[in-house]
$ cat run03.cif   # mmCIF, C-alpha atoms
data_structure
#
loop_
_atom_site.label_atom_id
_atom_site.label_comp_id
_atom_site.auth_asym_id
_atom_site.auth_seq_id
_atom_site.Cartn_x
_atom_site.Cartn_y
_atom_site.Cartn_z
CA MET A 7 -12.46 27.56 13.89
CA LEU A 8 -12.97 23.81 13.67
CA THR A 9 -16.72 24.03 14.18
CA ARG A 10 -16.93 26.72 11.49
CA LEU A 11 -15.04 24.45 9.09
CA ALA A 12 -17.17 21.46 10.00
CA ASN A 13 -19.94 22.65 7.71
CA PRO A 14 -19.26 20.86 4.39
CA ALA A 15 -20.46 23.77 2.23
CA ARG A 16 -18.18 26.18 4.05
CA PHE A 17 -15.34 23.66 3.86
CA MET A 18 -15.74 23.41 0.08
CA ARG A 19 -15.67 27.19 -0.27
CA LEU A 20 -12.63 27.71 1.98
CA SER A 21 -10.63 24.75 0.69
CA GLY A 22 -11.30 25.86 -2.87
CA THR A 23 -9.70 29.21 -2.09
CA VAL A 24 -6.75 27.73 -0.19
CA LEU A 25 -5.95 24.89 -2.59
CA PRO A 26 -4.22 26.72 -5.51
CA PRO A 27 -1.73 28.69 -3.36
CA LEU A 28 -1.13 25.61 -1.20
CA ALA A 29 -0.33 23.47 -4.25
CA LEU A 30 1.99 26.16 -5.60
CA ALA A 31 3.79 26.45 -2.26
CA THR A 32 4.20 22.65 -2.19
CA VAL A 33 5.91 22.60 -5.59
CA VAL A 34 8.19 25.56 -4.77
CA VAL A 35 9.25 24.29 -1.33
CA LEU A 36 9.87 20.74 -2.59
CA ALA A 37 11.97 22.09 -5.48
CA ILE A 38 14.08 24.18 -3.08
CA GLY A 39 14.35 21.25 -0.69
CA LEU A 40 15.50 18.85 -3.42
CA TYR A 41 18.04 21.36 -4.68
CA LEU A 42 19.48 21.80 -1.18
CA ALA A 43 19.42 18.05 -0.52
CA LEU A 44 21.14 17.02 -3.76
CA PHE A 45 23.49 19.94 -4.46
CA VAL A 46 24.06 22.11 -1.41
CA ALA A 47 24.16 19.80 1.63
CA PRO A 48 27.67 18.43 2.25
CA PRO A 49 28.49 14.72 2.29
CA ASP A 50 28.67 13.25 5.80
CA TYR A 51 32.14 12.58 7.21
CA GLN A 52 31.20 8.98 8.00
CA GLN A 53 28.36 8.15 5.62
CA GLY A 54 29.67 10.03 2.57
CA GLU A 55 27.06 10.82 -0.08
CA SER A 56 24.69 8.11 1.18
CA VAL A 57 23.56 10.64 3.80
CA ARG A 58 21.43 12.25 1.07
CA ILE A 59 18.94 9.41 1.50
CA MET A 60 18.14 11.00 4.87
CA PHE A 61 16.45 13.94 3.13
CA VAL A 62 13.70 11.74 1.66
CA HIS A 63 13.66 9.22 4.53
CA VAL A 64 13.39 11.28 7.73
CA PRO A 65 10.61 13.67 6.56
CA ALA A 66 8.70 10.60 5.32
CA ALA A 67 8.96 9.16 8.84
CA TRP A 68 7.70 12.44 10.34
CA MET A 69 4.73 12.48 7.97
CA ALA A 70 4.02 8.79 8.59
CA LEU A 71 3.50 9.62 12.27
CA PHE A 72 1.76 12.96 11.68
CA ALA A 73 -0.72 11.48 9.20
CA TYR A 74 -1.60 8.76 11.70
CA LEU A 75 -2.20 11.43 14.33
CA VAL A 76 -4.58 13.15 11.88
CA VAL A 77 -6.40 9.85 11.25
CA ALA A 78 -6.67 9.17 15.00
CA VAL A 79 -7.80 12.67 16.04
CA ALA A 80 -10.33 12.83 13.21
CA SER A 81 -11.57 9.35 14.20
CA ALA A 82 -12.01 10.46 17.81
CA VAL A 83 -13.94 13.54 16.69
CA ALA A 84 -16.05 11.35 14.40
CA LEU A 85 -16.89 8.93 17.22
CA VAL A 86 -17.58 11.54 19.91
CA TRP A 87 -19.14 14.48 18.07
CA ARG A 88 -20.22 12.89 14.78
CA HIS A 89 -18.80 15.78 12.80
CA PRO A 90 -19.72 15.26 9.13
CA LEU A 91 -16.19 16.07 7.97
CA ALA A 92 -14.23 14.07 10.54
CA GLU A 93 -14.69 10.63 8.99
CA ILE A 94 -13.98 12.10 5.57
CA ALA A 95 -10.74 13.64 6.87
CA ALA A 96 -9.63 10.36 8.48
CA GLN A 97 -10.33 8.35 5.35
CA ALA A 98 -8.59 10.93 3.16
CA ALA A 99 -5.47 10.99 5.35
CA ALA A 100 -4.97 7.21 5.67
CA PRO A 101 -3.74 6.40 2.12
CA LEU A 102 -1.41 9.42 2.30
CA GLY A 103 0.01 8.15 5.58
CA ALA A 104 0.47 4.70 4.09
CA ALA A 105 2.36 6.21 1.14
CA PHE A 106 4.71 8.18 3.41
CA THR A 107 5.27 5.10 5.59
CA PHE A 108 6.13 3.04 2.52
CA VAL A 109 8.64 5.67 1.33
CA CYS A 110 10.13 5.71 4.84
CA LEU A 111 10.54 1.92 4.95
CA VAL A 112 12.02 1.53 1.45
CA SER A 113 14.39 4.50 1.65
CA GLY A 114 15.53 3.35 5.10
CA SER A 115 16.24 -0.09 3.70
CA LEU A 116 18.23 1.43 0.83
CA TRP A 117 20.32 3.32 3.36
CA GLY A 118 20.70 0.37 5.71
CA LYS A 119 22.27 -1.89 3.11
CA PRO A 120 25.45 0.16 2.53
CA MET A 121 25.65 1.56 6.08
CA TRP A 122 24.65 -1.36 8.30
CA GLY A 123 25.28 -4.15 5.81
CA THR A 124 21.65 -5.29 5.90
CA TRP A 125 18.41 -4.32 4.15
CA TRP A 126 16.31 -5.03 7.22
CA ALA A 127 16.59 -5.85 10.92
CA TRP A 128 13.75 -6.75 13.27
CA ASP A 129 14.72 -4.04 15.70
CA ALA A 130 12.10 -2.08 17.64
CA ARG A 131 12.10 1.03 15.44
CA MET A 132 11.79 -0.77 12.12
CA THR A 133 9.29 -3.32 13.37
CA SER A 134 7.04 -0.67 14.93
CA VAL A 135 7.06 1.39 11.69
CA LEU A 136 6.17 -1.76 9.75
CA VAL A 137 3.26 -2.25 12.19
CA LEU A 138 2.22 1.36 11.45
CA PHE A 139 2.15 0.53 7.74
CA PHE A 140 -0.09 -2.49 8.40
CA LEU A 141 -2.33 -0.38 10.66
CA TYR A 142 -2.92 2.00 7.74
CA LEU A 143 -3.70 -0.90 5.42
CA GLY A 144 -5.95 -2.53 8.03
CA TYR A 145 -7.82 0.74 8.59
CA MET A 146 -8.42 1.21 4.85
CA ALA A 147 -9.52 -2.40 4.39
CA LEU A 148 -11.88 -2.26 7.40
CA VAL A 149 -13.52 1.01 6.29
CA ASN A 150 -14.32 -0.55 2.92
CA ALA A 151 -15.37 -3.95 4.28
CA PHE A 152 -18.98 -2.97 5.08
CA ASP A 153 -21.86 -2.44 2.66
CA ASP A 154 -23.13 0.21 5.05
CA MET A 155 -20.55 3.00 4.76
CA SER A 156 -21.27 4.50 8.17
CA ARG A 157 -20.65 1.17 9.91
CA GLY A 158 -17.33 0.79 8.09
CA ALA A 159 -16.34 4.29 9.09
CA ARG A 160 -17.18 3.63 12.74
CA ALA A 161 -15.25 0.35 12.84
CA GLY A 162 -12.29 2.06 11.19
CA SER A 163 -12.38 4.87 13.74
CA VAL A 164 -12.17 2.38 16.61
CA LEU A 165 -9.21 0.60 14.98
CA ALA A 166 -7.45 3.93 14.37
CA LEU A 167 -7.81 4.86 18.05
CA VAL A 168 -6.52 1.50 19.26
CA GLY A 169 -3.51 1.89 16.94
CA VAL A 170 -2.48 5.16 18.62
CA VAL A 171 -0.62 3.06 21.18
CA ASN A 172 1.94 2.40 18.42
CA LEU A 173 2.92 6.07 18.04
CA PRO A 174 4.86 6.51 21.32
CA ILE A 175 6.38 3.07 20.74
CA ILE A 176 7.77 4.27 17.39
CA LYS A 177 8.92 7.62 18.77
CA PHE A 178 10.68 6.25 21.86
CA SER A 179 11.72 2.83 20.53
CA VAL A 180 15.24 4.12 19.96
CA ASP A 181 15.49 5.18 23.62
CA TRP A 182 13.67 2.27 25.27
CA TRP A 183 15.46 -0.51 23.43
CA ASN A 184 18.89 -1.13 22.02
CA THR A 185 18.04 -0.61 18.36
CA LEU A 186 20.20 -0.82 15.28
CA HIS A 187 18.41 2.38 14.23
CA GLN A 188 20.13 5.50 15.56
CA ALA A 189 18.50 7.84 18.08
CA ASP A 190 16.72 11.06 17.13
CA SER A 191 18.98 13.93 16.11
CA VAL A 192 16.39 16.65 15.40
CA PHE A 193 13.38 16.54 17.77
CA ARG A 194 15.18 15.72 21.00
CA MET A 195 15.69 17.22 24.45
CA GLY A 196 18.50 19.76 24.32
CA GLY A 197 18.09 20.67 20.66
CA PRO A 198 19.23 19.08 17.41
CA THR A 199 22.65 17.44 17.25
CA ILE A 200 22.73 17.51 13.46
CA ASP A 201 24.87 20.16 11.73
CA PRO A 202 22.96 23.22 10.41
CA SER A 203 24.26 22.55 6.87
CA MET A 204 22.21 19.34 6.90
CA LEU A 205 19.46 20.44 9.30
CA TRP A 206 18.14 23.20 7.01
CA PRO A 207 17.73 21.03 3.90
CA LEU A 208 16.06 18.43 6.13
CA LEU A 209 13.61 20.93 7.65
CA ILE A 210 12.75 22.38 4.23
CA MET A 211 12.11 18.90 2.83
CA GLY A 212 9.97 18.27 5.93
CA LEU A 213 7.97 21.43 5.22
CA GLY A 214 7.59 20.36 1.58
CA TYR A 215 6.26 16.94 2.63
CA LEU A 216 3.88 18.62 5.11
CA LEU A 217 2.55 20.96 2.41
CA LEU A 218 2.15 18.00 0.06
CA PHE A 219 0.19 16.13 2.72
CA LYS A 220 -2.09 19.11 3.35
CA THR A 221 -2.68 19.73 -0.37
CA LEU A 222 -3.55 16.11 -1.08
CA LEU A 223 -5.66 15.88 2.10
CA LEU A 224 -7.82 18.78 0.88
CA VAL A 225 -8.02 17.34 -2.66
CA ARG A 226 -9.12 13.94 -1.32
CA MET A 227 -11.63 15.45 1.14
CA ARG A 228 -13.17 17.54 -1.66
CA THR A 229 -13.34 14.40 -3.82
CA ALA A 230 -15.13 12.49 -1.06
CA LEU A 231 -17.67 15.31 -0.59
CA ASN A 232 -18.28 15.49 -4.36
CA GLU A 233 -18.80 11.73 -4.48
CA ALA A 234 -21.18 11.84 -1.51
CA LYS A 235 -23.19 14.58 -3.19
CA ALA A 236 -23.33 12.58 -6.44
CA ARG A 237 -24.58 9.54 -4.50
CA ALA A 238 -27.27 11.64 -2.84
CA LEU A 239 -28.39 13.05 -6.21
CA ARG A 240 -28.62 9.56 -7.68
CA LEU A 241 -30.63 8.34 -4.71
CA ALA A 242 -32.99 11.31 -4.98
CA ALA A 243 -33.79 10.65 -8.63
CA PRO A 244 -32.61 7.15 -9.50
CA GLN A 245 -34.59 6.88 -12.73
CA ARG A 246 -33.49 10.06 -14.40
CA LEU A 247 -29.95 10.31 -13.13
CA SER A 248 -28.66 6.78 -13.12
CA THR A 249 -25.63 6.16 -15.30
CA ALA A 250 -26.56 2.48 -15.51
CA PRO A 251 -28.60 1.41 -18.53
CA PRO A 252 -32.35 1.25 -17.76
CA LEU A 253 -33.58 -2.04 -16.39
CA PRO A 254 -35.21 -4.30 -19.01
CA GLU A 255 -39.00 -4.59 -18.96
CA PRO A 256 -40.05 -7.47 -16.72
CA GLU A 257 -40.93 -10.65 -18.57
CA PRO A 258 -44.69 -11.14 -18.85
CA VAL A 259 -45.75 -13.79 -16.41
CA LEU A 260 -47.55 -16.66 -18.15
CA ARG A 261 -50.09 -18.46 -16.10
CA MET B 15 35.18 12.68 -15.43
CA SER B 16 32.74 15.54 -15.84
CA GLY B 17 31.19 17.33 -12.88
CA PHE B 18 27.82 15.84 -13.66
CA GLN B 19 29.12 12.28 -13.81
CA HIS B 20 30.96 12.79 -10.55
CA TRP B 21 27.77 14.10 -8.93
CA ALA B 22 25.61 11.33 -10.38
CA GLN B 23 27.92 8.66 -8.94
CA MET B 24 27.14 9.92 -5.41
CA GLY B 25 30.56 8.91 -4.10
CA GLY B 26 29.91 5.27 -5.01
CA TYR B 27 26.44 5.17 -3.39
CA ALA B 28 24.50 5.86 -6.61
CA ALA B 29 22.87 2.40 -6.47
CA PHE B 30 21.28 3.32 -3.12
CA VAL B 31 20.75 7.10 -3.30
CA TRP B 32 18.96 7.21 -6.67
CA PRO B 33 16.53 4.35 -6.00
CA ALA B 34 15.60 6.03 -2.69
CA TYR B 35 14.77 9.29 -4.49
CA ALA B 36 13.02 7.37 -7.29
CA VAL B 37 10.77 5.53 -4.82
CA ALA B 38 9.85 8.79 -3.10
CA LEU B 39 9.07 10.39 -6.47
CA VAL B 40 7.05 7.45 -7.83
CA VAL B 41 5.05 6.78 -4.65
CA LEU B 42 4.32 10.40 -3.65
CA GLY B 43 3.93 11.54 -7.28
CA GLY B 44 1.72 8.53 -7.92
CA ILE B 45 -0.65 9.22 -5.03
CA ALA B 46 -0.74 12.91 -6.02
CA ALA B 47 -1.70 11.99 -9.60
CA GLN B 48 -4.29 9.45 -8.43
CA SER B 49 -5.82 11.97 -6.01
CA TRP B 50 -6.04 14.61 -8.74
CA ARG B 51 -7.53 12.28 -11.37
CA ARG B 52 -10.21 11.08 -8.96
CA TYR B 53 -10.97 14.69 -7.99
CA ARG B 54 -11.44 15.68 -11.65
CA ALA B 55 -13.63 12.63 -12.21
CA SER B 56 -15.81 13.55 -9.20
CA LEU B 57 -16.23 17.08 -10.57
CA ARG B 58 -17.23 15.79 -14.02
CA ASP B 59 -19.70 13.33 -12.53
CA LEU B 60 -21.31 15.99 -10.34
CA ASP B 61 -21.46 18.42 -13.23
CA ARG B 62 -23.29 15.87 -15.39
CA LEU B 63 -25.75 15.01 -12.61
CA GLN B 64 -26.59 18.63 -11.92
CA ARG B 65 -27.26 19.59 -15.54
CA PRO B 66 -30.97 19.70 -16.44
CA PRO B 67 -32.16 16.39 -17.98
CA ARG B 68 -32.73 17.77 -21.50
CA GLU B 69 -29.08 18.58 -22.12
CA ARG B 70 -27.83 15.14 -21.14
#
$ encode --input "run03.cif" --output "structure tokens"
Amino acid sequence: MLTRLANPARFMRLSGTVLPPLALATVVVLAIGLYLALFVAPPDYQQGESVRIMFVHVPAAWMALFAYLVVAVASAVALVWRHPLAEIAAQAAAPLGAAFTFVCLVSGSLWGKPMWGTWWAWDARMTSVLVLFFLYLGYMALVNAFDDMSRGARAGSVLALVGVVNLPIIKFSVDWWNTLHQADSVFRMGGPTIDPSMLWPLLIMGLGYLLLFKTLLLVRMRTALNEAKARALRLAAPQRLSTAPPLPEPEPVLR
Amino acid sequence: MSGFQHWAQMGGYAAFVWPAYAVALVVLGGIAAQSWRRYRASLRDLDRLQRPPRER
């Protein structure tokens, strides 16, 4: 399956077919999720209506971790097997992961102020998610820091793999340390402890975020392949195809 | 107080709930719009490059 998709031409064909229904599903699921989150889910008996922040915060945290996993796995594949699509996938996923991480941090802060009485605490969960955000930014900066694109991609892949150590720290920070942040209530041993009336809106929002991630990942990968093809065409025929104005005639050399 | 006003006040947490949703909308909507615009631009560029030279 993966090796079949690894051919860029085949990827363009398949992703072109999948993209419209995927985008439609994203819009529909997010609309249902928002309706459930804002109108159907009950207020929490302790947190009141502020619990509705959870429906944009928790799925953003899931996607922040998932997108990093995509970046790391794609980076490993790029380093080991040199798949032509792997680096493109990693570079397409990183800005999306950074966006989800940012949403997670800001929405968490907006919930923390009324509930904990503080916008921010340097506890293990929050600090490790902030490190994740900087890992994304560092990866993106490093990839673009080289004139030679393949060197940038390779350096970025190594950084992405080193950063994987942060993922279990984020996941288990609430168990390993005494954090202000509460423990997991959905993906935990023994099943979710959250009430179904809130669990379902949360899971549907999570699915909506996942579909959004996949849609945008495909869009960004297709963009990168188009841009690579345009670069190749320009290199093949620089005189005819260049968008830049033609170079001026060289000055006659007087001697 | 109308039902809508009551709902919009979010039990007194409106100042925290709505900014949280707004940030999610602006950031995720923003990266979606940016991804789509760049995709369209890449298609236009490729289309122009692949047309025979006479038509350009």
$ resolve_selection --input "run03.cif" --expression "the PyMOL selection byres ((chain A) within 7 of (chain B))" --output "PyMOL selection string"
chain A and resi 54-56+58-59+62+105+109+113+116-117+222+225-226+229+232-233+236+247
$ atom_distance --input "run03.cif" --atom1 "atom CA of Met211 of chain A" --atom2 "atom CA of Trp125 of chain A"
24.1 Å
$ atom_distance --input "run03.cif" --atom1 "atom CA of Val170 of chain A" --atom2 "atom CA of Thr133 of chain A"
15.4 Å
$ resolve_selection --input "run03.cif" --expression "the PyMOL selection byres ((chain A and resi 210) around 9)" --output "PyMOL selection string"
chain A and resi 35-36+38-40+42+205-209+211-215
$ atom_distance --input "run03.cif" --atom1 "atom CA of Met204 of chain A" --atom2 "atom CA of Ala47 of chain A"
5.6 Å
$ resolve_selection --input "run03.cif" --expression "the PyMOL selection byres ((chain A and resi 11-21) around 12)" --output "PyMOL selection string"
chain A and resi 7-10+22-29+80+83-84+87-95+220-232+234-235
$ residues_around --input "run03.cif" --residues "segment 140-157 of chain A" --least-positions-apart "3" --cutoff "8 Å" --atoms "only C-alpha atoms" --output "ChimeraX atom specification"
/A:74,97,100-101,103-104,136-137,160-162,165-166,169
$ write_last_selection --input "run03.cif" --atoms "C-alpha atoms" --output "CSV table (one decimal), in the frame of the given file"
chain,number,residue,atom,x,y,z
A,74,TYR,CA,-1.6,8.8,11.7
A,97,GLN,CA,-10.3,8.4,5.4
A,100,ALA,CA,-5.0,7.2,5.7
A,101,PRO,CA,-3.7,6.4,2.1
A,103,GLY,CA,0.0,8.2,5.6
A,104,ALA,CA,0.5,4.7,4.1
A,136,LEU,CA,6.2,-1.8,9.8
A,137,VAL,CA,3.3,-2.2,12.2
A,160,ARG,CA,-17.2,3.6,12.7
A,161,ALA,CA,-15.2,0.4,12.8
A,162,GLY,CA,-12.3,2.1,11.2
A,165,LEU,CA,-9.2,0.6,15.0
A,166,ALA,CA,-7.4,3.9,14.4
A,169,GLY,CA,-3.5,1.9,16.9
